[in-house]
$ cat structure_33.cif   # mmCIF, C-alpha atoms
data_query
#
loop_
_atom_site.label_atom_id
_atom_site.label_comp_id
_atom_site.auth_asym_id
_atom_site.auth_seq_id
_atom_site.Cartn_x
_atom_site.Cartn_y
_atom_site.Cartn_z
CA LEU A 1 -8.31 -7.01 -13.03
CA VAL A 2 -5.81 -7.19 -10.14
CA ILE A 3 -2.57 -5.29 -10.78
CA GLY A 4 0.09 -7.06 -8.73
CA GLY A 5 -1.90 -10.05 -7.51
CA SER A 6 1.05 -12.07 -6.17
CA SER A 7 1.74 -9.72 -3.25
CA PHE A 8 0.33 -10.27 0.24
CA SER A 9 -2.42 -7.71 -0.36
CA GLY A 10 -2.99 -9.06 -3.85
CA GLN A 11 -3.56 -12.58 -2.58
CA ALA A 12 -5.94 -11.33 0.12
CA THR A 13 -7.73 -9.31 -2.56
CA ILE A 14 -8.18 -12.32 -4.82
CA ALA A 15 -9.47 -14.39 -1.89
CA GLY A 16 -11.95 -11.63 -1.04
CA LEU A 17 -13.17 -11.43 -4.63
CA ARG A 18 -13.65 -15.20 -4.77
CA GLU A 19 -15.78 -15.14 -1.63
CA LEU A 20 -17.84 -12.22 -2.89
CA SER A 21 -18.32 -13.43 -6.46
CA PRO A 22 -17.28 -17.06 -7.06
CA GLU A 23 -18.09 -16.79 -10.76
CA ALA A 24 -15.88 -13.76 -11.31
CA ARG A 25 -13.18 -13.96 -13.96
CA ILE A 26 -10.02 -12.68 -12.27
CA ILE A 27 -7.09 -11.53 -14.36
CA SER A 28 -3.87 -10.64 -12.53
CA THR A 29 -0.63 -9.05 -13.61
CA SER A 30 2.80 -10.31 -12.61
CA SER A 31 6.22 -8.75 -12.93
CA GLY A 32 7.62 -12.21 -13.66
CA GLU A 33 6.57 -15.22 -15.68
CA ARG A 34 4.69 -17.21 -13.02
CA ASP A 35 0.94 -17.64 -12.84
CA THR A 36 -0.68 -15.67 -10.02
CA GLN A 37 -2.19 -18.06 -7.50
CA GLY A 38 -5.98 -17.83 -7.43
CA ALA A 39 -6.32 -15.89 -10.69
CA ASP A 40 -7.94 -17.34 -13.79
CA GLN A 41 -5.37 -15.73 -16.07
CA THR A 42 -2.08 -13.88 -15.62
CA ILE A 43 -0.54 -11.13 -17.73
CA TYR A 44 3.23 -11.62 -17.44
CA GLY A 45 6.18 -9.25 -17.42
CA ILE A 46 4.45 -6.08 -16.21
CA ASP A 47 7.04 -3.69 -14.78
CA LEU A 48 5.30 -0.48 -13.73
CA ALA A 49 8.61 1.37 -13.84
CA ASP A 50 8.23 1.02 -17.63
CA ALA A 51 6.01 3.75 -19.06
CA GLY A 52 4.69 1.26 -21.62
CA ALA A 53 3.33 -1.15 -19.00
CA PRO A 54 -0.30 0.10 -19.03
CA ALA A 55 -0.47 -0.21 -22.83
CA LYS A 56 0.89 -3.76 -22.61
CA VAL A 57 -1.79 -4.69 -20.04
CA ALA A 58 -4.50 -3.21 -22.27
CA ALA A 59 -3.18 -5.03 -25.34
CA ASP A 60 -3.03 -8.36 -23.48
CA LEU A 61 -6.57 -7.87 -22.16
CA LYS A 62 -7.75 -7.33 -25.71
CA ALA A 63 -5.86 -10.41 -26.91
CA MET A 64 -7.50 -12.43 -24.13
CA GLY A 65 -10.91 -11.31 -25.30
CA ALA A 66 -11.58 -9.84 -21.87
CA PRO A 67 -15.03 -8.23 -21.60
CA ALA A 68 -15.73 -4.95 -19.83
CA ILE A 69 -13.74 -4.71 -16.60
CA LYS A 70 -16.01 -4.59 -13.57
CA ALA A 71 -13.23 -3.51 -11.23
CA MET A 72 -9.50 -2.89 -11.29
CA ILE A 73 -7.65 -3.33 -8.01
CA TYR A 74 -4.27 -1.59 -8.07
CA ILE A 75 -1.85 -3.02 -5.48
CA PRO A 76 1.67 -1.74 -6.30
CA ALA A 77 3.32 0.95 -4.19
CA ARG A 78 6.88 2.16 -4.35
CA GLY A 79 8.59 5.34 -3.25
CA GLU A 80 11.51 6.80 -1.34
CA VAL A 81 11.13 5.89 2.34
CA GLY A 82 13.43 5.78 5.37
CA LEU A 83 13.46 9.54 5.85
CA PRO A 84 11.03 12.05 7.39
CA ALA A 85 8.28 13.22 5.07
CA ARG A 86 9.35 16.82 5.64
CA LEU A 87 12.64 16.08 3.85
CA ALA A 88 11.18 14.40 0.77
CA THR A 89 12.07 16.21 -2.45
CA LYS A 90 9.76 17.03 -5.33
CA GLU A 91 11.77 14.65 -7.52
CA GLN A 92 11.27 11.80 -5.06
CA VAL A 93 7.52 12.44 -4.88
CA GLU A 94 7.27 12.62 -8.68
CA ALA A 95 9.11 9.27 -8.96
CA GLY A 96 6.65 7.72 -6.51
CA ALA A 97 3.69 9.08 -8.46
CA ASP A 98 5.18 7.67 -11.66
CA TYR A 99 4.89 4.19 -10.15
CA CYS A 100 1.87 4.43 -7.88
CA ILE A 101 -0.56 6.89 -9.44
CA ARG A 102 0.09 7.68 -13.10
CA PRO A 103 0.05 4.04 -14.31
CA MET A 104 -3.24 3.54 -12.45
CA LEU A 105 -4.76 6.56 -14.20
CA GLU A 106 -3.48 5.38 -17.58
CA LEU A 107 -4.95 1.92 -16.97
CA MET A 108 -8.25 3.55 -16.08
CA ARG A 109 -8.14 5.37 -19.41
CA LEU A 110 -7.19 2.31 -21.46
CA ALA A 111 -9.04 -0.55 -19.71
CA ARG A 112 -12.06 1.57 -18.66
CA PRO A 113 -12.93 -0.31 -15.45
CA GLU A 114 -16.27 0.57 -13.88
CA LEU A 115 -14.49 0.93 -10.54
CA THR A 116 -10.85 1.31 -9.47
CA ILE A 117 -9.75 0.32 -5.96
CA TRP A 118 -6.36 0.88 -4.33
CA PHE A 119 -4.80 0.77 -0.86
CA SER A 120 -3.59 3.50 1.45
CA GLY A 121 -2.73 3.59 5.14
CA PHE A 122 -3.05 5.88 8.13
CA ILE A 123 -0.35 7.86 6.42
CA THR A 124 -0.78 11.15 8.31
CA MET A 125 -0.06 9.61 11.72
CA ALA A 126 3.14 10.93 13.31
CA PRO A 127 5.07 7.60 13.31
CA LEU A 128 4.57 7.25 9.55
CA LEU A 129 5.33 10.88 8.73
CA GLU A 130 8.60 10.37 10.60
CA CYS A 131 9.85 7.71 8.21
CA TYR A 132 7.67 7.25 5.10
CA GLY A 133 9.33 10.03 3.16
CA ALA A 134 8.02 10.62 -0.36
CA MET A 135 5.45 7.84 -0.02
CA SER A 136 3.57 10.03 2.46
CA PHE A 137 2.85 12.63 -0.23
CA VAL A 138 2.10 10.03 -2.89
CA LYS A 139 -0.55 8.40 -0.69
CA ILE A 140 -2.03 11.76 0.33
CA ALA A 141 -2.25 12.78 -3.35
CA GLY A 142 -3.94 9.49 -4.18
CA GLU A 143 -6.47 9.94 -1.40
CA ALA A 144 -7.29 13.46 -2.62
CA LEU A 145 -7.78 12.07 -6.12
CA SER A 146 -10.10 9.37 -4.78
CA LEU A 147 -12.23 11.91 -2.93
CA ARG A 148 -12.60 14.02 -6.08
CA HIS A 149 -13.66 10.99 -8.14
CA ALA A 150 -15.48 8.91 -5.53
CA ASP A 151 -17.86 7.55 -8.15
CA ARG A 152 -14.98 5.82 -9.95
CA ILE A 153 -12.19 5.38 -7.38
CA LYS A 154 -12.33 3.78 -3.94
CA VAL A 155 -9.43 3.84 -1.52
CA ILE A 156 -9.09 1.35 1.34
CA ARG A 157 -7.27 2.85 4.31
CA ILE A 158 -5.78 0.01 6.27
CA GLY A 159 -3.55 -0.34 9.31
CA MET A 160 0.00 -1.67 9.32
CA PHE A 161 0.34 -5.44 9.04
CA PRO A 162 3.37 -7.76 8.75
CA SER A 163 4.62 -7.89 5.17
CA ASN A 164 7.91 -8.00 3.29
CA SER A 165 7.59 -4.33 2.35
CA VAL A 166 7.03 -3.20 5.94
CA ARG A 167 9.94 -5.35 7.13
CA GLY A 168 12.13 -3.73 4.47
CA ILE A 169 11.08 -0.24 5.55
CA ALA A 170 11.68 -1.09 9.21
CA LEU A 171 15.19 -2.37 8.41
CA LEU A 172 16.02 0.84 6.56
CA VAL A 173 14.65 2.95 9.41
CA GLN A 174 16.63 0.91 11.95
CA ARG A 175 19.88 1.50 10.07
CA ASN A 176 19.29 5.22 9.90
CA ALA A 177 18.16 5.33 13.52
CA MET A 178 21.38 3.64 14.65
CA ARG A 179 23.30 6.25 12.68
CA ARG A 180 21.03 8.94 14.17
CA VAL A 181 20.75 10.48 10.71
CA TYR A 182 17.73 12.71 11.42
CA PRO A 183 16.45 14.22 14.68
CA GLU A 184 13.29 12.07 14.39
CA PHE A 185 15.40 8.94 14.06
CA ALA A 186 17.66 9.91 16.95
CA ARG A 187 14.58 10.19 19.19
CA MET A 188 13.34 6.87 17.82
CA TYR A 189 16.67 5.22 18.68
CA ASP A 190 16.59 6.63 22.21
CA GLU A 191 13.04 5.34 22.64
CA TRP A 192 13.73 1.89 21.17
CA LYS A 193 17.08 0.95 22.73
CA PRO A 194 15.94 0.73 26.40
CA THR A 195 13.05 -1.60 25.47
CA GLY A 196 15.38 -4.50 24.66
CA LYS A 197 13.03 -5.52 21.84
CA ARG A 198 13.84 -6.28 18.23
CA PHE A 199 13.49 -3.09 16.23
CA ILE A 200 10.81 -4.60 13.98
CA ASP A 201 8.68 -5.41 17.05
CA TYR A 202 9.20 -1.92 18.45
CA PHE A 203 8.31 -0.45 15.03
CA TYR A 204 5.01 -2.36 14.80
CA GLU A 205 4.07 -1.68 18.41
CA LYS A 206 4.79 2.06 18.18
CA ASN A 207 2.66 2.33 15.06
CA TYR A 208 -0.15 0.21 16.48
CA ARG A 209 -0.26 2.30 19.66
CA HIS A 210 -0.83 5.42 17.58
CA GLU A 211 -3.41 3.66 15.42
CA GLU A 212 -5.42 2.75 18.52
CA GLU A 213 -5.14 6.22 20.04
CA THR A 214 -6.21 7.84 16.77
CA TYR A 215 -8.95 5.53 15.51
CA ARG A 216 -10.46 3.50 18.35
CA HIS A 217 -13.35 5.98 18.61
CA VAL A 218 -14.75 5.05 15.17
CA SER A 219 -16.26 1.75 16.33
CA ASN A 220 -17.62 0.05 19.41
CA GLU A 221 -15.71 -3.10 18.43
CA PRO A 222 -12.51 -3.82 20.41
CA PHE A 223 -9.50 -2.38 18.61
CA ARG A 224 -6.97 -4.88 17.27
CA PRO A 225 -4.11 -5.12 14.75
CA THR A 226 -4.87 -5.38 11.04
CA GLU A 227 -4.84 -8.86 9.53
CA ALA A 228 -5.38 -10.44 6.11
CA GLY A 229 -9.11 -10.88 6.71
CA ASP A 230 -9.48 -7.11 6.99
CA ILE A 231 -8.06 -6.67 3.50
CA LYS A 232 -10.63 -9.16 2.18
CA ALA A 233 -13.44 -7.35 4.00
CA GLY A 234 -12.25 -3.97 2.70
CA ILE A 235 -12.21 -5.21 -0.90
CA GLN A 236 -15.70 -6.67 -0.51
CA ARG A 237 -17.09 -3.43 0.96
CA ALA A 238 -15.51 -1.35 -1.79
#
$ encode --input "structure_33.cif" --output "structure tokens"
Amino acid sequence: LVIGGSSFSGQATIAGLRELSPEARIISTSSGERDTQGADQTIYGIDLADAGAPAKVAADLKAMGAPAIKAMIYIPARGEVGLPARLATKEQVEAGADYCIRPMLELMRLARPELTIWFSGFITMAPLLECYGAMSFVKIAGEALSLRHADRIKVIRIGMFPSNSVRGIALLVQRNAMRRVYPEFARMYDEWKPTGKRFIDYFYEKNYRHEEETYRHVSNEPFRPTEAGDIKAGIQRA
């Protein structure tokens, strides 16, 4: 069961599952009415902002005659970003949890997957704490949950990679940096402007530089940016 299989990470997940287990029956959810590419079946109209979404997924699974769920991969992530984590409010964090964590837990209760897998990032690095707002706390809470229930939940920590969501975050950060809204963003603007680069390129490069400085010691392999194949490999390992 892949929740949100049409996204970039969802498509890489489905590809990884196909390589690992060609005979697997893959059921994906979609917020719209289109079939999810690569999935055997799609559950349509799943909006995780609706508290009834998990029950709808469970009911559709039952109607499909789906057997026991071997694994549920939960892709969706949404939360208030474009501000420093230190300024995120409790209400913003709760809203993020209502979309990212609580539906996942309810789906675990209703669909009873043997294993649940979701994605996080290197969320405690300084460049992300400067701009990921409430999402920082939502991801940290999810990671703590995964550690407490490691027999049932696996989290894949993955580096930043080009995606529509990251481009959207970078655009929001750029706007606030140009307005010098927060001290962190004012420093970011002063660092970016002399480079002459597009902000999105500066944003990726700044983050990647910190990723390498923080994590290159964990492997003897040459450090490099994250790519789609790494998502596939992470899913297969989990």
$ residues_around --input "structure_33.cif" --residues "stretch 132-146 of chain A" --least-positions-apart "4" --cutoff "9 Å" --atoms "only C-alpha atoms" --output "ChimeraX atom specification"
/A:77-90,92-97,100-101,118-121,123-124,127-128,150-155,169
$ write_last_selection --input "structure_33.cif" --atoms "C-alpha atoms" --output "tab-separated table (two decimals), keeping the file's coordinate frame"
chain	number	residue	atom	x	y	z
A	77	ALA	CA	3.32	0.95	-4.19
A	78	ARG	CA	6.88	2.16	-4.35
A	79	GLY	CA	8.59	5.34	-3.25
A	80	GLU	CA	11.51	6.80	-1.34
A	81	VAL	CA	11.13	5.89	2.34
A	82	GLY	CA	13.43	5.78	5.37
A	83	LEU	CA	13.46	9.54	5.85
A	84	PRO	CA	11.03	12.05	7.39
A	85	ALA	CA	8.28	13.22	5.07
A	86	ARG	CA	9.35	16.82	5.64
A	87	LEU	CA	12.64	16.08	3.85
A	88	ALA	CA	11.18	14.40	0.77
A	89	THR	CA	12.07	16.21	-2.45
A	90	LYS	CA	9.76	17.03	-5.33
A	92	GLN	CA	11.27	11.80	-5.06
A	93	VAL	CA	7.52	12.44	-4.88
A	94	GLU	CA	7.27	12.62	-8.68
A	95	ALA	CA	9.11	9.27	-8.96
A	96	GLY	CA	6.65	7.72	-6.51
A	97	ALA	CA	3.69	9.08	-8.46
A	100	CYS	CA	1.87	4.43	-7.88
A	101	ILE	CA	-0.56	6.89	-9.44
A	118	TRP	CA	-6.36	0.88	-4.33
A	119	PHE	CA	-4.80	0.77	-0.86
A	120	SER	CA	-3.59	3.50	1.45
A	121	GLY	CA	-2.73	3.59	5.14
A	123	ILE	CA	-0.35	7.86	6.42
A	124	THR	CA	-0.78	11.15	8.31
A	127	PRO	CA	5.07	7.60	13.31
A	128	LEU	CA	4.57	7.25	9.55
A	150	ALA	CA	-15.48	8.91	-5.53
A	151	ASP	CA	-17.86	7.55	-8.15
A	152	ARG	CA	-14.98	5.82	-9.95
A	153	ILE	CA	-12.19	5.38	-7.38
A	154	LYS	CA	-12.33	3.78	-3.94
A	155	VAL	CA	-9.43	3.84	-1.52
A	169	ILE	CA	11.08	-0.24	5.55
$ resolve_selection --input "structure_33.cif" --expression "the PyMOL selection byres ((chain A and resi 191-201) around 12)" --output "PDB file with C-alpha atoms, keeping the file's coordinate frame"
ATOM      1  CA  PHE A 161       0.340  -5.440   9.040  1.00  0.00           C
ATOM      2  CA  PRO A 162       3.370  -7.760   8.750  1.00  0.00           C
ATOM      3  CA  SER A 163       4.620  -7.890   5.170  1.00  0.00           C
ATOM      4  CA  ASN A 164       7.910  -8.000   3.290  1.00  0.00           C
ATOM      5  CA  VAL A 166       7.030  -3.200   5.940  1.00  0.00           C
ATOM      6  CA  ARG A 167       9.940  -5.350   7.130  1.00  0.00           C
ATOM      7  CA  GLY A 168      12.130  -3.730   4.470  1.00  0.00           C
ATOM      8  CA  ILE A 169      11.080  -0.240   5.550  1.00  0.00           C
ATOM      9  CA  ALA A 170      11.680  -1.090   9.210  1.00  0.00           C
ATOM     10  CA  LEU A 171      15.190  -2.370   8.410  1.00  0.00           C
ATOM     11  CA  LEU A 172      16.020   0.840   6.560  1.00  0.00           C
ATOM     12  CA  VAL A 173      14.650   2.950   9.410  1.00  0.00           C
ATOM     13  CA  GLN A 174      16.630   0.910  11.950  1.00  0.00           C
ATOM     14  CA  ARG A 175      19.880   1.500  10.070  1.00  0.00           C
ATOM     15  CA  ASN A 176      19.290   5.220   9.900  1.00  0.00           C
ATOM     16  CA  ALA A 177      18.160   5.330  13.520  1.00  0.00           C
ATOM     17  CA  MET A 178      21.380   3.640  14.650  1.00  0.00           C
ATOM     18  CA  GLU A 184      13.290  12.070  14.390  1.00  0.00           C
ATOM     19  CA  PHE A 185      15.400   8.940  14.060  1.00  0.00           C
ATOM     20  CA  ALA A 186      17.660   9.910  16.950  1.00  0.00           C
ATOM     21  CA  ARG A 187      14.580  10.190  19.190  1.00  0.00           C
ATOM     22  CA  MET A 188      13.340   6.870  17.820  1.00  0.00           C
ATOM     23  CA  TYR A 189      16.670   5.220  18.680  1.00  0.00           C
ATOM     24  CA  ASP A 190      16.590   6.630  22.210  1.00  0.00           C
ATOM     25  CA  TYR A 202       9.200  -1.920  18.450  1.00  0.00           C
ATOM     26  CA  PHE A 203       8.310  -0.450  15.030  1.00  0.00           C
ATOM     27  CA  TYR A 204       5.010  -2.360  14.800  1.00  0.00           C
ATOM     28  CA  GLU A 205       4.070  -1.680  18.410  1.00  0.00           C
ATOM     29  CA  LYS A 206       4.790   2.060  18.180  1.00  0.00           C
ATOM     30  CA  ASN A 207       2.660   2.330  15.060  1.00  0.00           C
ATOM     31  CA  TYR A 208      -0.150   0.210  16.480  1.00  0.00           C
TER      32      TYR A 208
END
$ atom_distance --input "structure_33.cif" --atom1 "atom CA of A:Ile43" --atom2 "atom CA of A:Val57"
7.0 Å
$ resolve_selection --input "structure_33.cif" --expression "the PyMOL selection byres ((chain A and resi 28) around 6)" --output "ChimeraX atom specification"
/A:1-3,5,27,29,42
$ resolve_selection --input "structure_33.cif" --expression "the PyMOL selection byres ((chain A and resi 233) around 12)" --output "ChimeraX atom specification"
/A:9,12-20,156-158,226-232,234-238
$ closest_residue --input "structure_33.cif" --among "A:Arg224, A:Arg25, A:Arg179, A:Arg109" --to "A:Asp40" --atoms "only C-alpha atoms"
A:Arg25
$ closest_atom_pairs --input "structure_33.cif" --of "stretch 75-156 of chain A" --to "stretch 210-215 of chain A" --cutoff "9 Å" --atoms "only C-alpha atoms" --output "Markdown table"
| residue | atom | partner | partner_atom | distance |
| --- | --- | --- | --- | --- |
| A:Phe122 | CA | A:Glu211 | CA | 7.6 |
| A:Met125 | CA | A:His210 | CA | 7.2 |
| A:Ala126 | CA | A:His210 | CA | 8.0 |
| A:Pro127 | CA | A:His210 | CA | 7.6 |
$ atom_distance --input "structure_33.cif" --atom1 "atom CA of A:Pro113" --atom2 "atom CA of A:Met72"
6.0 Å
$ atom_distance --input "structure_33.cif" --atom1 "atom CA of A:Ala66" --atom2 "atom CA of A:Ile26"
10.1 Å
$ closest_residue --input "structure_33.cif" --among "A:Glu221, A:Glu114, A:Glu106, A:Glu130" --to "A:Ala55" --atoms "all atoms listed in the file"
A:Glu106
$ axis_aligned_box --input "structure_33.cif" --around "stretch 49-59 of chain A" --padding-each-side "4 Å" --output "AutoDock Vina command-line options"
--center_x 2.1 --center_y -0.6 --center_z -19.6 --size_x 21.1 --size_y 16.8 --size_z 19.5
$ residues_around --input "structure_33.cif" --residues "A:Ser31" --least-positions-apart "4" --cutoff "7 Å" --atoms "all atoms listed in the file" --output "list in words"
Tyr44, Gly45, Ile46 and Asp47 of chain A
$ closest_residue --input "structure_33.cif" --among "A:Gly159, A:Pro225, A:Pro67, A:Pro54" --to "A:Leu107" --atoms "all atoms listed in the file"
A:Pro54
$ decode --input "structure_33.cif" --residues "stretch 17-43 of chain A" --atoms "N, CA, C and O atoms" --output "PDB file, in the first residue's frame"
ATOM      1  N   LEU A  17       9.912  -1.175  -5.336  1.00  0.00           N
ATOM      2  CA  LEU A  17       9.141  -2.360  -4.947  1.00  0.00           C
ATOM      3  C   LEU A  17       9.070  -3.362  -6.093  1.00  0.00           C
ATOM      4  O   LEU A  17       9.154  -4.576  -5.875  1.00  0.00           O
ATOM      5  N   ARG A  18       8.903  -2.871  -7.303  1.00  0.00           N
ATOM      6  CA  ARG A  18       8.821  -3.752  -8.474  1.00  0.00           C
ATOM      7  C   ARG A  18      10.124  -4.524  -8.680  1.00  0.00           C
ATOM      8  O   ARG A  18      10.121  -5.711  -9.008  1.00  0.00           O
ATOM      9  N   GLU A  19      11.246  -3.836  -8.482  1.00  0.00           N
ATOM     10  CA  GLU A  19      12.543  -4.505  -8.611  1.00  0.00           C
ATOM     11  C   GLU A  19      12.724  -5.559  -7.531  1.00  0.00           C
ATOM     12  O   GLU A  19      13.228  -6.652  -7.773  1.00  0.00           O
ATOM     13  N   LEU A  20      12.309  -5.227  -6.331  1.00  0.00           N
ATOM     14  CA  LEU A  20      12.515  -6.107  -5.181  1.00  0.00           C
ATOM     15  C   LEU A  20      11.587  -7.316  -5.236  1.00  0.00           C
ATOM     16  O   LEU A  20      11.994  -8.442  -4.925  1.00  0.00           O
ATOM     17  N   SER A  21      10.341  -7.080  -5.635  1.00  0.00           N
ATOM     18  CA  SER A  21       9.330  -8.138  -5.595  1.00  0.00           C
ATOM     19  C   SER A  21       8.394  -7.984  -6.791  1.00  0.00           C
ATOM     20  O   SER A  21       7.313  -7.397  -6.671  1.00  0.00           O
ATOM     21  N   PRO A  22       8.792  -8.503  -7.958  1.00  0.00           N
ATOM     22  CA  PRO A  22       8.001  -8.307  -9.177  1.00  0.00           C
ATOM     23  C   PRO A  22       6.561  -8.795  -9.055  1.00  0.00           C
ATOM     24  O   PRO A  22       5.674  -8.282  -9.741  1.00  0.00           O
ATOM     25  N   GLU A  23       6.329  -9.767  -8.192  1.00  0.00           N
ATOM     26  CA  GLU A  23       4.979 -10.322  -8.076  1.00  0.00           C
ATOM     27  C   GLU A  23       4.103  -9.556  -7.090  1.00  0.00           C
ATOM     28  O   GLU A  23       2.919  -9.888  -6.901  1.00  0.00           O
ATOM     29  N   ALA A  24       4.652  -8.547  -6.457  1.00  0.00           N
ATOM     30  CA  ALA A  24       3.898  -7.805  -5.449  1.00  0.00           C
ATOM     31  C   ALA A  24       2.651  -7.162  -6.050  1.00  0.00           C
ATOM     32  O   ALA A  24       2.652  -6.709  -7.197  1.00  0.00           O
ATOM     33  N   ARG A  25       1.602  -7.127  -5.265  1.00  0.00           N
ATOM     34  CA  ARG A  25       0.388  -6.397  -5.634  1.00  0.00           C
ATOM     35  C   ARG A  25       0.489  -5.025  -4.988  1.00  0.00           C
ATOM     36  O   ARG A  25       0.490  -4.914  -3.757  1.00  0.00           O
ATOM     37  N   ILE A  26       0.597  -3.995  -5.797  1.00  0.00           N
ATOM     38  CA  ILE A  26       0.799  -2.636  -5.296  1.00  0.00           C
ATOM     39  C   ILE A  26      -0.484  -1.838  -5.454  1.00  0.00           C
ATOM     40  O   ILE A  26      -1.009  -1.685  -6.563  1.00  0.00           O
ATOM     41  N   ILE A  27      -0.975  -1.338  -4.349  1.00  0.00           N
ATOM     42  CA  ILE A  27      -2.158  -0.483  -4.337  1.00  0.00           C
ATOM     43  C   ILE A  27      -1.708   0.914  -3.912  1.00  0.00           C
ATOM     44  O   ILE A  27      -1.025   1.080  -2.903  1.00  0.00           O
ATOM     45  N   SER A  28      -2.074   1.913  -4.700  1.00  0.00           N
ATOM     46  CA  SER A  28      -1.682   3.289  -4.407  1.00  0.00           C
ATOM     47  C   SER A  28      -2.920   4.135  -4.133  1.00  0.00           C
ATOM     48  O   SER A  28      -4.019   3.814  -4.590  1.00  0.00           O
ATOM     49  N   THR A  29      -2.731   5.206  -3.395  1.00  0.00           N
ATOM     50  CA  THR A  29      -3.803   6.188  -3.261  1.00  0.00           C
ATOM     51  C   THR A  29      -3.479   7.389  -4.134  1.00  0.00           C
ATOM     52  O   THR A  29      -2.317   7.661  -4.463  1.00  0.00           O
ATOM     53  N   SER A  30      -4.533   8.116  -4.508  1.00  0.00           N
ATOM     54  CA  SER A  30      -4.388   9.335  -5.293  1.00  0.00           C
ATOM     55  C   SER A  30      -5.378  10.360  -4.782  1.00  0.00           C
ATOM     56  O   SER A  30      -6.506  10.013  -4.405  1.00  0.00           O
ATOM     57  N   SER A  31      -4.963  11.616  -4.769  1.00  0.00           N
ATOM     58  CA  SER A  31      -5.891  12.669  -4.348  1.00  0.00           C
ATOM     59  C   SER A  31      -6.896  12.981  -5.447  1.00  0.00           C
ATOM     60  O   SER A  31      -7.953  13.561  -5.186  1.00  0.00           O
ATOM     61  N   GLY A  32      -6.572  12.581  -6.679  1.00  0.00           N
ATOM     62  CA  GLY A  32      -7.462  12.823  -7.805  1.00  0.00           C
ATOM     63  C   GLY A  32      -8.175  11.568  -8.264  1.00  0.00           C
ATOM     64  O   GLY A  32      -8.447  10.661  -7.482  1.00  0.00           O
ATOM     65  N   GLU A  33      -8.437  11.532  -9.576  1.00  0.00           N
ATOM     66  CA  GLU A  33      -9.189  10.407 -10.144  1.00  0.00           C
ATOM     67  C   GLU A  33      -8.372   9.643 -11.186  1.00  0.00           C
ATOM     68  O   GLU A  33      -8.928   8.865 -11.949  1.00  0.00           O
ATOM     69  N   ARG A  34      -7.075   9.889 -11.232  1.00  0.00           N
ATOM     70  CA  ARG A  34      -6.220   9.213 -12.220  1.00  0.00           C
ATOM     71  C   ARG A  34      -5.556   7.997 -11.599  1.00  0.00           C
ATOM     72  O   ARG A  34      -5.218   7.996 -10.415  1.00  0.00           O
ATOM     73  N   ASP A  35      -5.343   6.978 -12.429  1.00  0.00           N
ATOM     74  CA  ASP A  35      -4.595   5.814 -11.978  1.00  0.00           C
ATOM     75  C   ASP A  35      -3.154   6.214 -11.678  1.00  0.00           C
ATOM     76  O   ASP A  35      -2.567   7.035 -12.392  1.00  0.00           O
ATOM     77  N   THR A  36      -2.590   5.630 -10.642  1.00  0.00           N
ATOM     78  CA  THR A  36      -1.181   5.865 -10.316  1.00  0.00           C
ATOM     79  C   THR A  36      -0.315   4.983 -11.200  1.00  0.00           C
ATOM     80  O   THR A  36      -0.485   3.763 -11.226  1.00  0.00           O
ATOM     81  N   GLN A  37       0.598   5.605 -11.919  1.00  0.00           N
ATOM     82  CA  GLN A  37       1.478   4.853 -12.814  1.00  0.00           C
ATOM     83  C   GLN A  37       2.273   3.816 -12.029  1.00  0.00           C
ATOM     84  O   GLN A  37       2.851   4.113 -10.984  1.00  0.00           O
ATOM     85  N   GLY A  38       2.293   2.588 -12.525  1.00  0.00           N
ATOM     86  CA  GLY A  38       3.076   1.528 -11.911  1.00  0.00           C
ATOM     87  C   GLY A  38       2.339   0.712 -10.872  1.00  0.00           C
ATOM     88  O   GLY A  38       2.783  -0.369 -10.499  1.00  0.00           O
ATOM     89  N   ALA A  39       1.207   1.224 -10.388  1.00  0.00           N
ATOM     90  CA  ALA A  39       0.437   0.501  -9.372  1.00  0.00           C
ATOM     91  C   ALA A  39      -0.550  -0.447 -10.054  1.00  0.00           C
ATOM     92  O   ALA A  39      -0.999  -0.204 -11.178  1.00  0.00           O
ATOM     93  N   ASP A  40      -0.891  -1.514  -9.367  1.00  0.00           N
ATOM     94  CA  ASP A  40      -1.887  -2.443  -9.892  1.00  0.00           C
ATOM     95  C   ASP A  40      -3.302  -1.890  -9.733  1.00  0.00           C
ATOM     96  O   ASP A  40      -4.169  -2.118 -10.569  1.00  0.00           O
ATOM     97  N   GLN A  41      -3.530  -1.174  -8.654  1.00  0.00           N
ATOM     98  CA  GLN A  41      -4.833  -0.579  -8.381  1.00  0.00           C
ATOM     99  C   GLN A  41      -4.644   0.767  -7.697  1.00  0.00           C
ATOM    100  O   GLN A  41      -3.631   0.992  -7.029  1.00  0.00           O
ATOM    101  N   THR A  42      -5.607   1.657  -7.881  1.00  0.00           N
ATOM    102  CA  THR A  42      -5.546   2.988  -7.277  1.00  0.00           C
ATOM    103  C   THR A  42      -6.827   3.254  -6.498  1.00  0.00           C
ATOM    104  O   THR A  42      -7.924   2.977  -6.981  1.00  0.00           O
ATOM    105  N   ILE A  43      -6.673   3.781  -5.313  1.00  0.00           N
ATOM    106  CA  ILE A  43      -7.802   4.259  -4.515  1.00  0.00           C
ATOM    107  C   ILE A  43      -7.882   5.770  -4.745  1.00  0.00           C
ATOM    108  O   ILE A  43      -6.938   6.494  -4.435  1.00  0.00           O
TER     109      ILE A  43
END
